[in-house]
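Asks: What follows is the file input.cif, containing mmCIF, C-alpha atoms (C1' of nucleotides):
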data_start
#
loop_
_atom_site.label_atom_id
_atom_site.label_comp_id
_atom_site.auth_asym_id
_atom_site.auth_seq_id
_atom_site.Cartn_x
_atom_site.Cartn_y
_atom_site.Cartn_z
CA MET A 1 4.40 -17.00 -88.71
CA THR A 2 0.86 -15.66 -88.49
CA ALA A 3 1.17 -14.38 -92.04
CA PRO A 4 -1.25 -16.01 -94.54
CA GLU A 5 -4.39 -16.03 -92.35
CA ARG A 6 -7.17 -16.26 -94.85
CA PRO A 7 -10.36 -14.68 -93.50
CA LEU A 8 -12.68 -16.95 -91.55
CA ARG A 9 -15.75 -18.33 -93.18
CA ALA A 10 -18.88 -16.39 -92.27
CA ASP A 11 -20.37 -19.06 -90.00
CA ALA A 12 -17.02 -19.65 -88.38
CA ARG A 13 -16.65 -16.03 -87.45
CA ARG A 14 -20.19 -16.00 -86.11
CA ASN A 15 -19.56 -19.10 -84.03
CA ARG A 16 -16.27 -17.82 -82.73
CA GLU A 17 -18.07 -14.77 -81.47
CA ALA A 18 -20.79 -16.89 -79.89
CA VAL A 19 -18.16 -18.90 -78.04
CA LEU A 20 -16.48 -15.77 -76.79
CA ASP A 21 -19.79 -14.36 -75.62
CA ALA A 22 -20.89 -17.53 -73.87
CA ALA A 23 -17.52 -18.06 -72.24
CA GLY A 24 -17.30 -14.43 -71.20
CA GLU A 25 -20.69 -14.57 -69.57
CA LEU A 26 -20.12 -17.84 -67.77
CA PHE A 27 -16.56 -17.19 -66.69
CA ALA A 28 -17.67 -13.84 -65.36
CA ARG A 29 -20.30 -15.47 -63.24
CA ARG A 30 -18.48 -18.52 -61.97
CA GLY A 31 -14.79 -18.14 -62.69
CA ASP A 32 -12.92 -20.99 -64.26
CA ALA A 33 -15.18 -23.54 -62.60
CA VAL A 34 -17.40 -23.61 -65.66
CA GLN A 35 -16.80 -26.54 -67.93
CA MET A 36 -16.34 -26.70 -71.65
CA ASP A 37 -19.61 -28.54 -72.21
CA GLU A 38 -21.55 -25.78 -70.52
CA ILE A 39 -19.95 -23.13 -72.68
CA ALA A 40 -20.68 -25.15 -75.80
CA GLU A 41 -24.29 -25.65 -74.83
CA ARG A 42 -24.83 -22.01 -74.02
CA ALA A 43 -23.29 -21.02 -77.32
CA GLY A 44 -25.55 -23.51 -79.07
CA LEU A 45 -22.58 -25.43 -80.47
CA GLY A 46 -20.77 -28.71 -80.03
CA VAL A 47 -17.68 -28.93 -77.85
CA GLY A 48 -15.59 -29.74 -80.86
CA THR A 49 -16.25 -26.29 -82.19
CA LEU A 50 -14.72 -24.68 -79.16
CA TYR A 51 -11.57 -26.61 -79.84
CA ARG A 52 -11.54 -25.56 -83.46
CA HIS A 53 -11.24 -21.95 -82.34
CA PHE A 54 -9.18 -22.30 -79.17
CA ALA A 55 -6.43 -24.76 -78.50
CA ASP A 56 -7.68 -25.57 -75.02
CA LYS A 57 -9.59 -24.18 -72.09
CA GLN A 58 -6.63 -22.13 -71.00
CA ALA A 59 -6.45 -20.41 -74.38
CA LEU A 60 -10.13 -19.58 -74.25
CA LEU A 61 -9.78 -18.11 -70.80
CA ALA A 62 -6.77 -16.14 -71.96
CA ALA A 63 -8.78 -14.66 -74.81
CA ILE A 64 -11.46 -13.50 -72.40
CA ILE A 65 -8.99 -12.11 -69.92
CA GLY A 66 -7.18 -10.32 -72.70
CA ARG A 67 -10.38 -8.58 -73.67
CA ARG A 68 -10.92 -7.44 -70.12
CA PHE A 69 -7.42 -6.09 -69.88
CA GLU A 70 -7.96 -4.03 -72.97
CA ALA A 71 -11.20 -2.62 -71.59
CA MET A 72 -9.32 -1.90 -68.41
CA THR A 73 -6.70 0.02 -70.30
CA ALA A 74 -9.39 2.14 -71.90
CA VAL A 75 -10.74 2.96 -68.46
CA ALA A 76 -7.28 3.94 -67.31
CA ARG A 77 -6.73 6.13 -70.34
CA ALA A 78 -10.01 7.91 -69.67
CA ALA A 79 -9.09 8.47 -66.05
CA ASP A 80 -5.76 9.87 -67.09
CA ALA A 81 -7.57 12.43 -69.23
CA THR A 82 -9.13 13.98 -66.12
CA GLU A 83 -7.44 17.21 -65.10
CA ASP A 84 -7.75 16.96 -61.33
CA PRO A 85 -5.12 14.49 -60.09
CA TRP A 86 -7.21 13.18 -57.24
CA THR A 87 -10.27 12.69 -59.38
CA ALA A 88 -8.12 10.88 -61.89
CA PHE A 89 -6.84 8.58 -59.20
CA GLU A 90 -10.25 7.87 -57.77
CA THR A 91 -11.73 7.34 -61.19
CA LEU A 92 -9.07 4.82 -62.04
CA LEU A 93 -9.38 3.00 -58.75
CA TYR A 94 -13.14 2.69 -58.75
CA GLY A 95 -13.33 2.07 -62.47
CA TYR A 96 -10.94 -0.80 -62.06
CA LEU A 97 -12.63 -2.26 -59.03
CA GLU A 98 -16.11 -1.92 -60.44
CA SER A 99 -15.11 -3.93 -63.48
CA VAL A 100 -13.36 -6.53 -61.44
CA ALA A 101 -16.34 -6.84 -59.13
CA ALA A 102 -18.49 -7.70 -62.10
CA ASP A 103 -16.27 -10.48 -63.40
CA ALA A 104 -15.21 -13.51 -61.42
CA ALA A 105 -12.91 -14.71 -64.18
CA PHE A 106 -11.04 -11.46 -64.18
CA ARG A 107 -10.80 -11.57 -60.43
CA PHE A 108 -9.59 -15.12 -60.59
CA ALA A 109 -6.92 -14.16 -63.10
CA LEU A 110 -5.72 -11.26 -60.99
CA LEU A 111 -5.87 -12.99 -57.66
CA GLY A 112 -5.10 -16.57 -58.61
CA PRO A 113 -2.01 -18.49 -57.62
CA GLN A 114 -0.40 -18.60 -61.06
CA GLU A 115 0.08 -14.94 -60.51
CA PRO A 116 2.94 -14.09 -62.85
CA ARG A 117 1.25 -15.34 -65.97
CA TRP A 118 -1.70 -13.05 -66.58
CA ASN A 119 -0.04 -9.90 -65.42
CA ASP A 120 2.79 -10.61 -67.82
CA ILE A 121 0.34 -11.05 -70.65
CA ALA A 122 -1.23 -7.77 -69.68
CA ALA A 123 2.09 -6.01 -69.54
CA GLU A 124 2.98 -7.21 -73.00
CA LYS A 125 -0.24 -6.32 -74.71
CA THR A 126 -1.36 -3.17 -72.95
CA ASP A 127 0.20 -0.17 -71.27
CA PHE A 128 -2.16 -0.32 -68.33
CA SER A 129 0.59 -0.28 -65.74
CA ALA A 130 2.35 2.64 -67.40
CA ILE A 131 -0.81 4.71 -67.27
CA THR A 132 -1.45 3.71 -63.68
CA GLU A 133 2.03 4.75 -62.76
CA ARG A 134 1.53 8.14 -64.35
CA ILE A 135 -1.76 8.73 -62.56
CA VAL A 136 -0.27 7.78 -59.22
CA LEU A 137 2.66 10.08 -59.81
CA ARG A 138 0.41 12.97 -60.68
CA ALA A 139 -1.56 12.55 -57.46
CA VAL A 140 1.60 12.32 -55.38
CA ASP A 141 3.11 15.40 -57.01
CA ALA A 142 -0.08 17.32 -56.36
CA GLY A 143 0.17 16.37 -52.71
CA ARG A 144 -3.06 14.39 -52.79
CA LEU A 145 -1.45 11.05 -51.94
CA ARG A 146 1.08 10.31 -49.24
CA ALA A 147 4.53 11.12 -50.55
CA ASP A 148 5.80 7.55 -50.46
CA PHE A 149 2.85 6.14 -52.37
CA HIS A 150 3.96 3.97 -55.23
CA ALA A 151 2.24 2.17 -58.09
CA ALA A 152 2.83 -1.08 -56.24
CA ASP A 153 0.59 0.27 -53.50
CA PHE A 154 -2.16 0.63 -56.03
CA VAL A 155 -1.89 -3.08 -56.67
CA LEU A 156 -1.91 -3.75 -52.94
CA ILE A 157 -5.12 -1.80 -52.44
CA THR A 158 -6.65 -3.34 -55.46
CA ARG A 159 -5.95 -6.89 -54.39
CA GLY A 160 -7.13 -6.13 -50.91
CA ALA A 161 -10.46 -4.93 -52.23
CA MET A 162 -10.82 -7.96 -54.49
CA ALA A 163 -10.49 -10.26 -51.54
CA ASN A 164 -13.61 -8.65 -50.11
CA MET A 165 -15.75 -9.04 -53.17
CA SER A 166 -17.16 -12.51 -52.66
CA GLY A 167 -19.85 -13.32 -50.17
CA THR A 168 -20.55 -10.84 -47.45
CA GLY A 169 -17.48 -8.66 -47.82
CA ASP A 170 -18.20 -5.00 -48.41
CA TRP A 171 -15.33 -3.99 -50.65
CA ARG A 172 -16.39 -0.36 -50.88
CA ARG A 173 -16.11 -0.01 -47.17
CA HIS A 174 -12.66 -1.55 -47.35
CA VAL A 175 -11.54 0.91 -50.00
CA THR A 176 -12.92 3.79 -47.97
CA LEU A 177 -10.87 2.77 -44.98
CA VAL A 178 -7.69 2.35 -46.97
CA LEU A 179 -8.14 5.60 -48.83
CA GLU A 180 -8.34 7.37 -45.52
CA GLY A 181 -4.85 6.23 -44.71
CA VAL A 182 -3.45 7.21 -48.04
CA ARG A 183 -5.15 10.40 -49.14
CA ARG A 184 -3.56 13.76 -48.37
CA GLY A 185 -4.34 17.46 -48.61
CA GLY A 186 -8.02 17.82 -47.73
CA ARG A 187 -9.27 20.79 -49.75
CA MET B 1 -23.77 -40.75 -30.33
CA THR B 2 -20.02 -40.45 -29.85
CA ALA B 3 -20.34 -42.23 -26.54
CA PRO B 4 -18.60 -45.64 -26.38
CA GLU B 5 -15.33 -44.68 -28.12
CA ARG B 6 -12.92 -47.34 -26.99
CA PRO B 7 -9.34 -45.99 -26.98
CA LEU B 8 -7.40 -46.38 -30.21
CA ARG B 9 -4.82 -49.08 -30.57
CA ALA B 10 -1.31 -47.76 -29.94
CA ASP B 11 -0.17 -47.97 -33.57
CA ALA B 12 -3.41 -46.43 -34.74
CA ARG B 13 -2.95 -43.43 -32.55
CA ARG B 14 0.64 -43.03 -33.72
CA ASN B 15 -0.38 -43.24 -37.35
CA ARG B 16 -3.23 -40.83 -36.92
CA GLU B 17 -0.76 -38.33 -35.57
CA ALA B 18 1.60 -38.96 -38.47
CA VAL B 19 -1.20 -38.30 -40.94
CA LEU B 20 -2.13 -35.08 -39.20
CA ASP B 21 1.49 -33.93 -39.21
CA ALA B 22 2.09 -34.77 -42.85
CA ALA B 23 -1.17 -33.24 -43.98
CA GLY B 24 -0.61 -30.14 -41.87
CA GLU B 25 2.82 -29.62 -43.36
CA LEU B 26 1.76 -30.18 -46.97
CA PHE B 27 -1.53 -28.31 -46.80
CA ALA B 28 0.31 -25.40 -45.23
CA ARG B 29 2.73 -25.28 -48.09
CA ARG B 30 0.47 -25.88 -51.05
CA GLY B 31 -3.11 -25.51 -49.94
CA ASP B 32 -5.62 -28.15 -50.92
CA ALA B 33 -3.75 -28.87 -54.14
CA VAL B 34 -1.86 -31.68 -52.43
CA GLN B 35 -3.21 -35.12 -53.13
CA MET B 36 -3.98 -37.94 -50.81
CA ASP B 37 -1.19 -40.13 -52.16
CA GLU B 38 1.37 -37.49 -51.34
CA ILE B 39 0.17 -37.18 -47.79
CA ALA B 40 0.22 -40.94 -47.38
CA GLU B 41 3.73 -41.21 -48.72
CA ARG B 42 5.03 -38.41 -46.54
CA ALA B 43 3.45 -40.03 -43.51
CA GLY B 44 5.02 -43.34 -44.50
CA LEU B 45 1.63 -45.02 -44.77
CA GLY B 46 -0.74 -46.38 -47.36
CA VAL B 47 -3.64 -44.31 -48.62
CA GLY B 48 -6.07 -46.72 -47.09
CA THR B 49 -4.86 -45.72 -43.68
CA LEU B 50 -5.76 -42.10 -44.28
CA TYR B 51 -9.28 -43.21 -45.01
CA ARG B 52 -9.43 -45.29 -41.89
CA HIS B 53 -8.90 -42.16 -39.84
CA PHE B 54 -10.71 -39.59 -41.94
CA ALA B 55 -13.83 -40.12 -43.98
CA ASP B 56 -12.49 -38.18 -46.95
CA LYS B 57 -10.11 -35.45 -47.97
CA GLN B 58 -12.51 -32.78 -46.80
CA ALA B 59 -12.62 -34.26 -43.31
CA LEU B 60 -8.86 -34.33 -43.12
CA LEU B 61 -8.64 -30.73 -44.19
CA ALA B 62 -11.30 -29.84 -41.66
CA ALA B 63 -9.27 -31.45 -38.90
CA ILE B 64 -6.24 -29.40 -39.83
CA ILE B 65 -8.19 -26.19 -40.15
CA GLY B 66 -9.86 -26.86 -36.83
CA ARG B 67 -6.47 -27.11 -35.18
CA ARG B 68 -5.44 -23.79 -36.65
CA PHE B 69 -8.59 -22.12 -35.47
CA GLU B 70 -7.95 -23.29 -31.98
CA ALA B 71 -4.40 -21.95 -32.05
CA MET B 72 -5.86 -18.74 -33.41
CA THR B 73 -8.23 -18.52 -30.50
CA ALA B 74 -5.34 -18.89 -28.09
CA VAL B 75 -3.59 -16.01 -29.80
CA ALA B 76 -6.70 -13.89 -29.50
CA ARG B 77 -7.09 -14.73 -25.84
CA ALA B 78 -3.48 -13.72 -25.21
CA ALA B 79 -4.00 -10.43 -27.04
CA ASP B 80 -7.09 -9.74 -24.98
CA ALA B 81 -5.01 -10.11 -21.85
CA THR B 82 -2.94 -7.07 -22.81
CA GLU B 83 -3.93 -3.96 -20.87
CA ASP B 84 -3.37 -1.30 -23.52
CA PRO B 85 -6.30 -1.45 -25.93
CA TRP B 86 -4.26 -0.45 -28.96
CA THR B 87 -1.52 -2.93 -28.21
CA ALA B 88 -4.16 -5.59 -27.79
CA PHE B 89 -5.62 -4.75 -31.16
CA GLU B 90 -2.27 -4.72 -32.92
CA THR B 91 -1.21 -7.92 -31.24
CA LEU B 92 -4.35 -9.64 -32.38
CA LEU B 93 -4.10 -8.34 -35.91
CA TYR B 94 -0.47 -9.22 -36.46
CA GLY B 95 -0.71 -12.47 -34.56
CA TYR B 96 -3.55 -13.51 -36.78
CA LEU B 97 -1.90 -12.42 -39.99
CA GLU B 98 1.46 -13.91 -39.13
CA SER B 99 -0.15 -17.30 -38.62
CA VAL B 100 -2.17 -17.06 -41.76
CA ALA B 101 0.87 -16.03 -43.74
CA ALA B 102 2.58 -19.21 -42.69
CA ASP B 103 -0.21 -21.53 -43.75
CA ALA B 104 -1.65 -21.72 -47.25
CA ALA B 105 -4.35 -24.14 -46.16
CA PHE B 106 -5.58 -21.78 -43.53
CA ARG B 107 -5.52 -18.94 -46.01
CA PHE B 108 -7.38 -21.07 -48.48
CA ALA B 109 -10.02 -21.88 -45.91
CA LEU B 110 -10.47 -18.26 -44.94
CA LEU B 111 -10.38 -16.84 -48.43
CA GLY B 112 -11.87 -19.66 -50.47
CA PRO B 113 -15.18 -19.55 -52.29
CA GLN B 114 -17.05 -21.96 -50.03
CA GLU B 115 -16.84 -19.15 -47.57
CA PRO B 116 -19.68 -19.90 -45.15
CA ARG B 117 -18.49 -23.35 -44.23
CA TRP B 118 -15.22 -22.90 -42.36
CA ASN B 119 -16.18 -19.77 -40.57
CA ASP B 120 -19.26 -21.51 -39.32
CA ILE B 121 -17.17 -24.38 -38.04
CA ALA B 122 -14.96 -21.87 -36.31
CA ALA B 123 -17.88 -20.10 -34.77
CA GLU B 124 -19.25 -23.32 -33.38
CA LYS B 125 -16.06 -24.64 -31.91
CA THR B 126 -14.26 -21.54 -30.75
CA ASP B 127 -15.08 -18.12 -29.42
CA PHE B 128 -12.56 -16.39 -31.63
CA SER B 129 -15.03 -13.90 -33.03
CA ALA B 130 -16.38 -13.04 -29.61
CA ILE B 131 -12.90 -12.21 -28.38
CA THR B 132 -12.15 -10.21 -31.49
CA GLU B 133 -15.29 -8.24 -31.00
CA ARG B 134 -14.32 -7.43 -27.44
CA ILE B 135 -10.83 -6.29 -28.43
CA VAL B 136 -12.18 -4.07 -31.18
CA LEU B 137 -14.69 -2.55 -28.80
CA ARG B 138 -12.03 -1.82 -26.23
CA ALA B 139 -9.91 0.02 -28.80
CA VAL B 140 -12.87 2.01 -30.04
CA ASP B 141 -13.93 2.96 -26.53
CA ALA B 142 -10.40 4.08 -25.77
CA GLY B 143 -10.50 6.31 -28.81
CA ARG B 144 -7.72 4.43 -30.54
CA LEU B 145 -9.83 3.29 -33.47
CA ARG B 146 -12.22 5.34 -35.56
CA ALA B 147 -15.56 5.49 -33.81
CA ASP B 148 -17.44 3.57 -36.47
CA PHE B 149 -14.97 0.69 -36.56
CA HIS B 150 -16.70 -2.64 -36.28
CA ALA B 151 -15.59 -6.24 -35.95
CA ALA B 152 -16.60 -6.75 -39.57
CA ASP B 153 -13.92 -4.23 -40.49
CA PHE B 154 -11.38 -6.44 -38.81
CA VAL B 155 -12.37 -9.17 -41.20
CA LEU B 156 -12.17 -6.75 -44.11
CA ILE B 157 -8.63 -5.75 -43.23
CA THR B 158 -7.66 -9.28 -42.59
CA ARG B 159 -8.91 -10.54 -45.93
CA GLY B 160 -7.30 -7.64 -47.69
CA ALA B 161 -3.94 -8.49 -46.22
CA MET B 162 -4.31 -12.16 -47.09
CA ALA B 163 -4.82 -11.30 -50.71
CA ASN B 164 -1.36 -9.77 -50.67
CA MET B 165 0.40 -12.74 -49.18
CA SER B 166 1.19 -14.76 -52.26
CA GLY B 167 3.86 -13.85 -54.73
CA THR B 168 5.24 -10.36 -54.65
CA GLY B 169 2.60 -8.70 -52.48
CA ASP B 170 3.94 -7.03 -49.37
CA TRP B 171 1.13 -7.58 -46.92
CA ARG B 172 2.83 -5.70 -44.08
CA ARG B 173 2.93 -2.60 -46.19
CA HIS B 174 -0.74 -3.10 -46.95
CA VAL B 175 -1.63 -3.35 -43.29
CA THR B 176 0.42 -0.27 -42.52
CA LEU B 177 -1.53 1.75 -45.05
CA VAL B 178 -4.89 0.54 -43.81
CA LEU B 179 -4.02 1.06 -40.18
CA GLU B 180 -3.21 4.64 -40.98
CA GLY B 181 -6.77 5.17 -42.08
CA VAL B 182 -8.23 3.51 -39.07
CA ARG B 183 -6.10 4.34 -36.09
CA ARG B 184 -6.98 7.32 -33.91
CA GLY B 185 -5.51 9.41 -31.13
CA GLY B 186 -1.77 9.17 -31.80
CA ARG B 187 0.29 10.01 -28.73
"C1'" DC C 1 -25.71 -26.00 -109.20
"C1'" DA C 2 -21.71 -28.77 -108.36
"C1'" DT C 3 -17.47 -29.49 -106.06
"C1'" DG C 4 -14.26 -29.36 -102.57
"C1'" DA C 5 -12.50 -27.12 -98.71
"C1'" DA C 6 -13.68 -25.44 -94.30
"C1'" DC C 7 -16.34 -26.27 -90.57
"C1'" DC C 8 -19.36 -28.63 -87.09
"C1'" DT C 9 -21.00 -32.43 -84.11
"C1'" DG C 10 -20.99 -35.23 -80.02
"C1'" DA C 11 -19.94 -39.82 -78.67
"C1'" DA C 12 -15.87 -41.84 -77.22
"C1'" DC C 13 -11.41 -41.51 -75.19
"C1'" DT C 14 -7.89 -40.20 -71.77
"C1'" DC C 15 -6.05 -38.65 -67.81
"C1'" DC C 16 -6.18 -37.62 -63.11
"C1'" DG C 17 -7.12 -37.92 -58.42
"C1'" DG C 18 -10.33 -39.39 -54.74
"C1'" DT C 19 -12.11 -43.60 -52.82
"C1'" DT C 20 -12.80 -48.56 -51.97
"C1'" DC C 21 -11.74 -53.21 -50.54
"C1'" DC C 22 -9.86 -57.38 -48.95
"C1'" DG C 23 -5.85 -60.20 -47.92
"C1'" DA C 24 -1.82 -59.48 -44.96
"C1'" DA C 25 0.20 -57.62 -40.88
"C1'" DT C 26 -0.08 -56.02 -36.12
"C1'" DC C 27 -1.61 -55.45 -31.73
"C1'" DT C 28 -4.15 -56.64 -27.31
"C1'" DA C 29 -6.17 -59.68 -24.02
"C1'" DC C 30 -6.29 -63.91 -21.94
"C1'" DG D 1 1.94 -67.93 -26.84
"C1'" DT D 2 -2.11 -67.69 -29.31
"C1'" DA D 3 -6.76 -66.31 -30.82
"C1'" DG D 4 -9.31 -62.77 -32.57
"C1'" DA D 5 -10.25 -58.17 -33.35
"C1'" DT D 6 -8.19 -54.06 -35.25
"C1'" DT D 7 -5.49 -51.82 -38.47
"C1'" DC D 8 -2.66 -51.39 -42.61
"C1'" DG D 9 -1.30 -51.52 -47.64
"C1'" DG D 10 -1.75 -50.35 -52.19
"C1'" DA D 11 -3.59 -52.10 -56.50
"C1'" DA D 12 -7.89 -51.53 -58.59
"C1'" DC D 13 -11.94 -48.96 -59.20
"C1'" DC D 14 -14.73 -45.01 -60.54
"C1'" DG D 15 -16.56 -40.63 -61.87
"C1'" DG D 16 -15.66 -36.24 -63.68
"C1'" DA D 17 -13.83 -32.96 -66.86
"C1'" DG D 18 -10.79 -31.81 -70.76
"C1'" DT D 19 -9.75 -33.30 -75.36
"C1'" DT D 20 -9.97 -35.88 -79.80
"C1'" DC D 21 -11.72 -37.66 -84.13
"C1'" DA D 22 -14.44 -39.92 -87.77
"C1'" DG D 23 -18.05 -38.81 -90.17
"C1'" DG D 24 -21.81 -35.47 -91.66
"C1'" DT D 25 -22.88 -30.53 -92.90
"C1'" DT D 26 -22.36 -25.86 -94.62
"C1'" DC D 27 -20.25 -22.37 -97.13
"C1'" DA D 28 -17.60 -20.22 -101.03
"C1'" DT D 29 -16.24 -20.42 -105.63
"C1'" DG D 30 -16.63 -20.96 -110.70
#
For the structure just supplied, provide its representation as C-alpha cells.
Replies:
Amino acid sequence: MTAPERPLRADARRNREAVLDAAGELFARRGDAVQMDEIAERAGLGVGTLYRHFADKQALLAAIIGRRFEAMTAVARAADATEDPWTAFETLLYGYLESVAADAAFRFALLGPQEPRWNDIAAEKTDFSAITERIVLRAVDAGRLRADFHAADFVLITRGAMANMSGTGDWRRHVTLVLEGVRRGGR
Amino acid sequence: MTAPERPLRADARRNREAVLDAAGELFARRGDAVQMDEIAERAGLGVGTLYRHFADKQALLAAIIGRRFEAMTAVARAADATEDPWTAFETLLYGYLESVAADAAFRFALLGPQEPRWNDIAAEKTDFSAITERIVLRAVDAGRLRADFHAADFVLITRGAMANMSGTGDWRRHVTLVLEGVRRGGR
DNA sequence: CATGAACCTGAACTCCGGTTCCGAATCTAC
DNA sequence: GTAGATTCGGAACCGGAGTTCAGGTTCATG
C-alpha cells in the first residue's frame, strides 16, 4: 500500500522539515491551541503546503507526538542500561518528566481526554511500556520499590506530576513526596 | 450597584433554576464541551432564555463552579470540626476528591489552563483555602504529617489525583501512594 | 534549455458553535 | 379582565479556525 513512494523533491523535503520544526516548536509551547496559519507563517510557507504534507491538523500533531514518543523510548533504553536498579528507575522517571515538562503538546497528548488514542499509537510503534515494565520490575526485585509497585503506578505518578506542571505547581516537589511513599531499602 | 433588584417573575425564577440544573448536570458529565443548545434543550427552554439569565457561556459556567466551591467549603468546614487532626485531614482530602471525581466541570475548572481565574473567584467568595490551611497546620502540629508539609502540598496532591480520574487511572491508589510518603507517626 | 510533473500559494469556502434580536407568549398589578 | 412590563423562543447572524482549490512557480529530466 505504501509501496511505490518515489523520493520527495528536494524543496518538498526541505519544506516538510520546516513544517515539522515550526509545528514542534509551537505545539510544545502552546499545545494544540496553535492554529494552522501560525504554523505556516512560522515555517515561511502557505497553509496549503501544510496540507500537502499532512492530511489535517490531527495528522500533523500525530507526527510530532510520534517523534516525542521515539525520543522517549531512547531515554528509557538508556535508563535501562544503568546497572543500579534504583538509579535506572529514577533516571527513567526524571528523564520522562523533564521531557514532558518541556513540551505542552506532549503533555496534552498524554493527559488529554481522548486518552486511548495516543497511548495506543505509542504502544504500536515503540516498546516504551515494555522497557518501563522491565525497569520497574528490576527495582522491585532489588527491594528498592514497595513490593506491590506495578508499571501502572509509574503511569499514575507520571500523570500526577504532569498535572502540576502548568502555572505555579512545583512538580518536582510532588514527585519527591510520592517517591517517599514508594521507595524502599534506604542504603 | 446591585441595589434595586426587584424580585424575579415566578416563571423566570423557575426557568433560571432549570437552566442551572441542566447545565450543572451536563457540565458535570462532559466538562465545558457541552454547547448552549444542548443545555437549552435539556432545560426545555430556548437558547435565548439562557442568555437572559447569564451574559454568556462563561458566566453560566462560573455560576455552576461557584456553587461547587461553596459546597466544597461546607465539606472543609465539616472536616475541620473533627477532633482528630489526621481524621480531619483525611476527611478533607477524600471529601474534596470525591466531589471532584463526580464533576468534570469542576475538574476542568481546577485543572484547566486558565488557572488563575477560578481559584481567584474561589478565594474571593469562600474561605476554603483558609480552612484547608488550618487543617493542614493542625495535622503537622500533631506530628501526623511531615514537618515541612504545607497547604501548597495539599494542592499538589489534589491536582495529582485529579489527573488520574479520567479513563483507566485509579486515583485512590495514587492518593494511597502519596499519603504513604507524607503521613507521619503511625499508631 | 525546454517540458511536464510536482509543488506552492493564499484567498475563498465551509462548518461549527456562541450570541443576538424581535415578535409572540406569559405574568403581575390594578 | 385587561394593560403593560417582563420573559421566552428559536431562526438568523457572525466570527473564528480548519480545509480546499485554481492558478502560478519550481524542480528534475533529457
Asks: Write down, as a list in words, each residue of chain D that has any atom within 9 Å of an atom of chain A, counting only C-alpha atoms (C1' of nucleotides).
Replies: DA17, DG18, DT19, DT20, DT26, DC27 and DA28 of chain D
Asks: Given a cut-off of 6 Å, which residues of chain A touch chain B, counting only C-alpha atoms, written out as a ChimeraX atom specification?
Replies: /A:159-160,163,177-178,180-181
Asks: Restricted to C-alpha atoms, what would the selected residues look like written as a PDB file, in the coordinates of the input?
Replies:
ATOM      1  CA  ARG A 159      -5.950  -6.890 -54.390  1.00  0.00           C
ATOM      2  CA  GLY A 160      -7.130  -6.130 -50.910  1.00  0.00           C
ATOM      3  CA  ALA A 163     -10.490 -10.260 -51.540  1.00  0.00           C
ATOM      4  CA  LEU A 177     -10.870   2.770 -44.980  1.00  0.00           C
ATOM      5  CA  VAL A 178      -7.690   2.350 -46.970  1.00  0.00           C
ATOM      6  CA  GLU A 180      -8.340   7.370 -45.520  1.00  0.00           C
ATOM      7  CA  GLY A 181      -4.850   6.230 -44.710  1.00  0.00           C
TER       8      GLY A 181
END
Asks: Output the contact residues of chain C with respect to chain B at a cut-off of 10 Å, based on all atoms listed in the file, as a ChimeraX atom specification.
Replies: /C:17-21,26-28
Asks: Which residues are close to range 80-87 of chain B, i.e. within 10 Å by all atoms listed in the file, leaving aside same-chain residues fewer than 4 positions away? Reply as a list in words.
Replies: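 Contacts, in chain order: Ala74, Val75, Ala76, Thr91, Leu92, Leu93, Ile131, Thr132, Arg134, Ile135, Val136, Leu137, Arg138, Ala139, Val140, Asp141, Ala142, Gly143, Arg144, Leu145, Arg183 and Arg184 of chain B.
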Asks: Go through B:Leu50, B:Ala130, B:Leu45, B:Ile64 and flag the residue nearest Gly31 in chain B, using only C-alpha atoms for the distances.
Replies: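 Looking only at the distances to Gly31 in chain B, the closest residue turns out to be B:Ile64.
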Asks: For the provided coordinates, the residues matched by the PyMOL selection byres ((chain C and resi 3) around 12) should be stated as a list in words.
Replies: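 So the PyMOL selection byres ((chain C and resi 3) around 12), applied here, picks out DC1, DA2, DG4 and DA5 of chain C; DC27, DA28, DT29 and DG30 of chain D.
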Asks: For this file, the PyMOL selection byres ((chain B and resi 19) around 12) selects which residues, as an MDAnalysis selection string?
Replies: chainID B and resid 12:18 20:27 36:54 57 60:61 63:64
Asks: Could you jot down the C1' of DG10 in chain D to C1' of DA25 in chain C separation for me, Å, one decimal place?
Replies: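 Computed distance, C1' of DG10 in chain D to C1' of DA25 in chain C, equals 13.6 Å.
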Asks: Find the distance between CA of Met72 in chain A and CA of Ala147 in chain A and write it in Å to one decimal.
Replies: 26.1 Å
Asks: Any idea what the distance is between C1' of DG23 in chain C and C1' of DA11 in chain D?
Replies: 12.0 Å
Asks: From (-4.4, -10.6, -69.5), in the file's coordinates, out to 9 Å: which residues are reached, counting only C-alpha atoms (C1' of nucleotides)? Answer as a PyMOL selection string.
Replies: chain A and resi 62-70+106+109-110+117-126
Asks: Output the residue selection produced by the PyMOL selection byres ((chain C and resi 13) around 10) on the file above, formatted as a PDB file with C-alpha atoms (C1' of nucleotides), in the coordinates of the input.
Replies:
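Generated output (out-v9.pdb):
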ATOM      1  C1'  DA C  11     -19.940 -39.820 -78.670  1.00  0.00           C
ATOM      2  C1'  DA C  12     -15.870 -41.840 -77.220  1.00  0.00           C
ATOM      3  C1'  DT C  14      -7.890 -40.200 -71.770  1.00  0.00           C
ATOM      4  C1'  DC C  15      -6.050 -38.650 -67.810  1.00  0.00           C
TER       5       DC C  15
ATOM      6  C1'  DT D  19      -9.750 -33.300 -75.360  1.00  0.00           C
ATOM      7  C1'  DT D  20      -9.970 -35.880 -79.800  1.00  0.00           C
ATOM      8  C1'  DC D  21     -11.720 -37.660 -84.130  1.00  0.00           C
TER       9       DC D  21
END
Asks: If I wrap all listed atoms of range 151-168 of chain B in a box with edges along x, y and z and add 5 Å on each side, what are its centre and edge lengths in Å to one decimal, as JSON?
Replies:
{"center_x": -5.7, "center_y": -9.5, "center_z": -45.3, "size_x": 31.8, "size_y": 20.5, "size_z": 28.8}
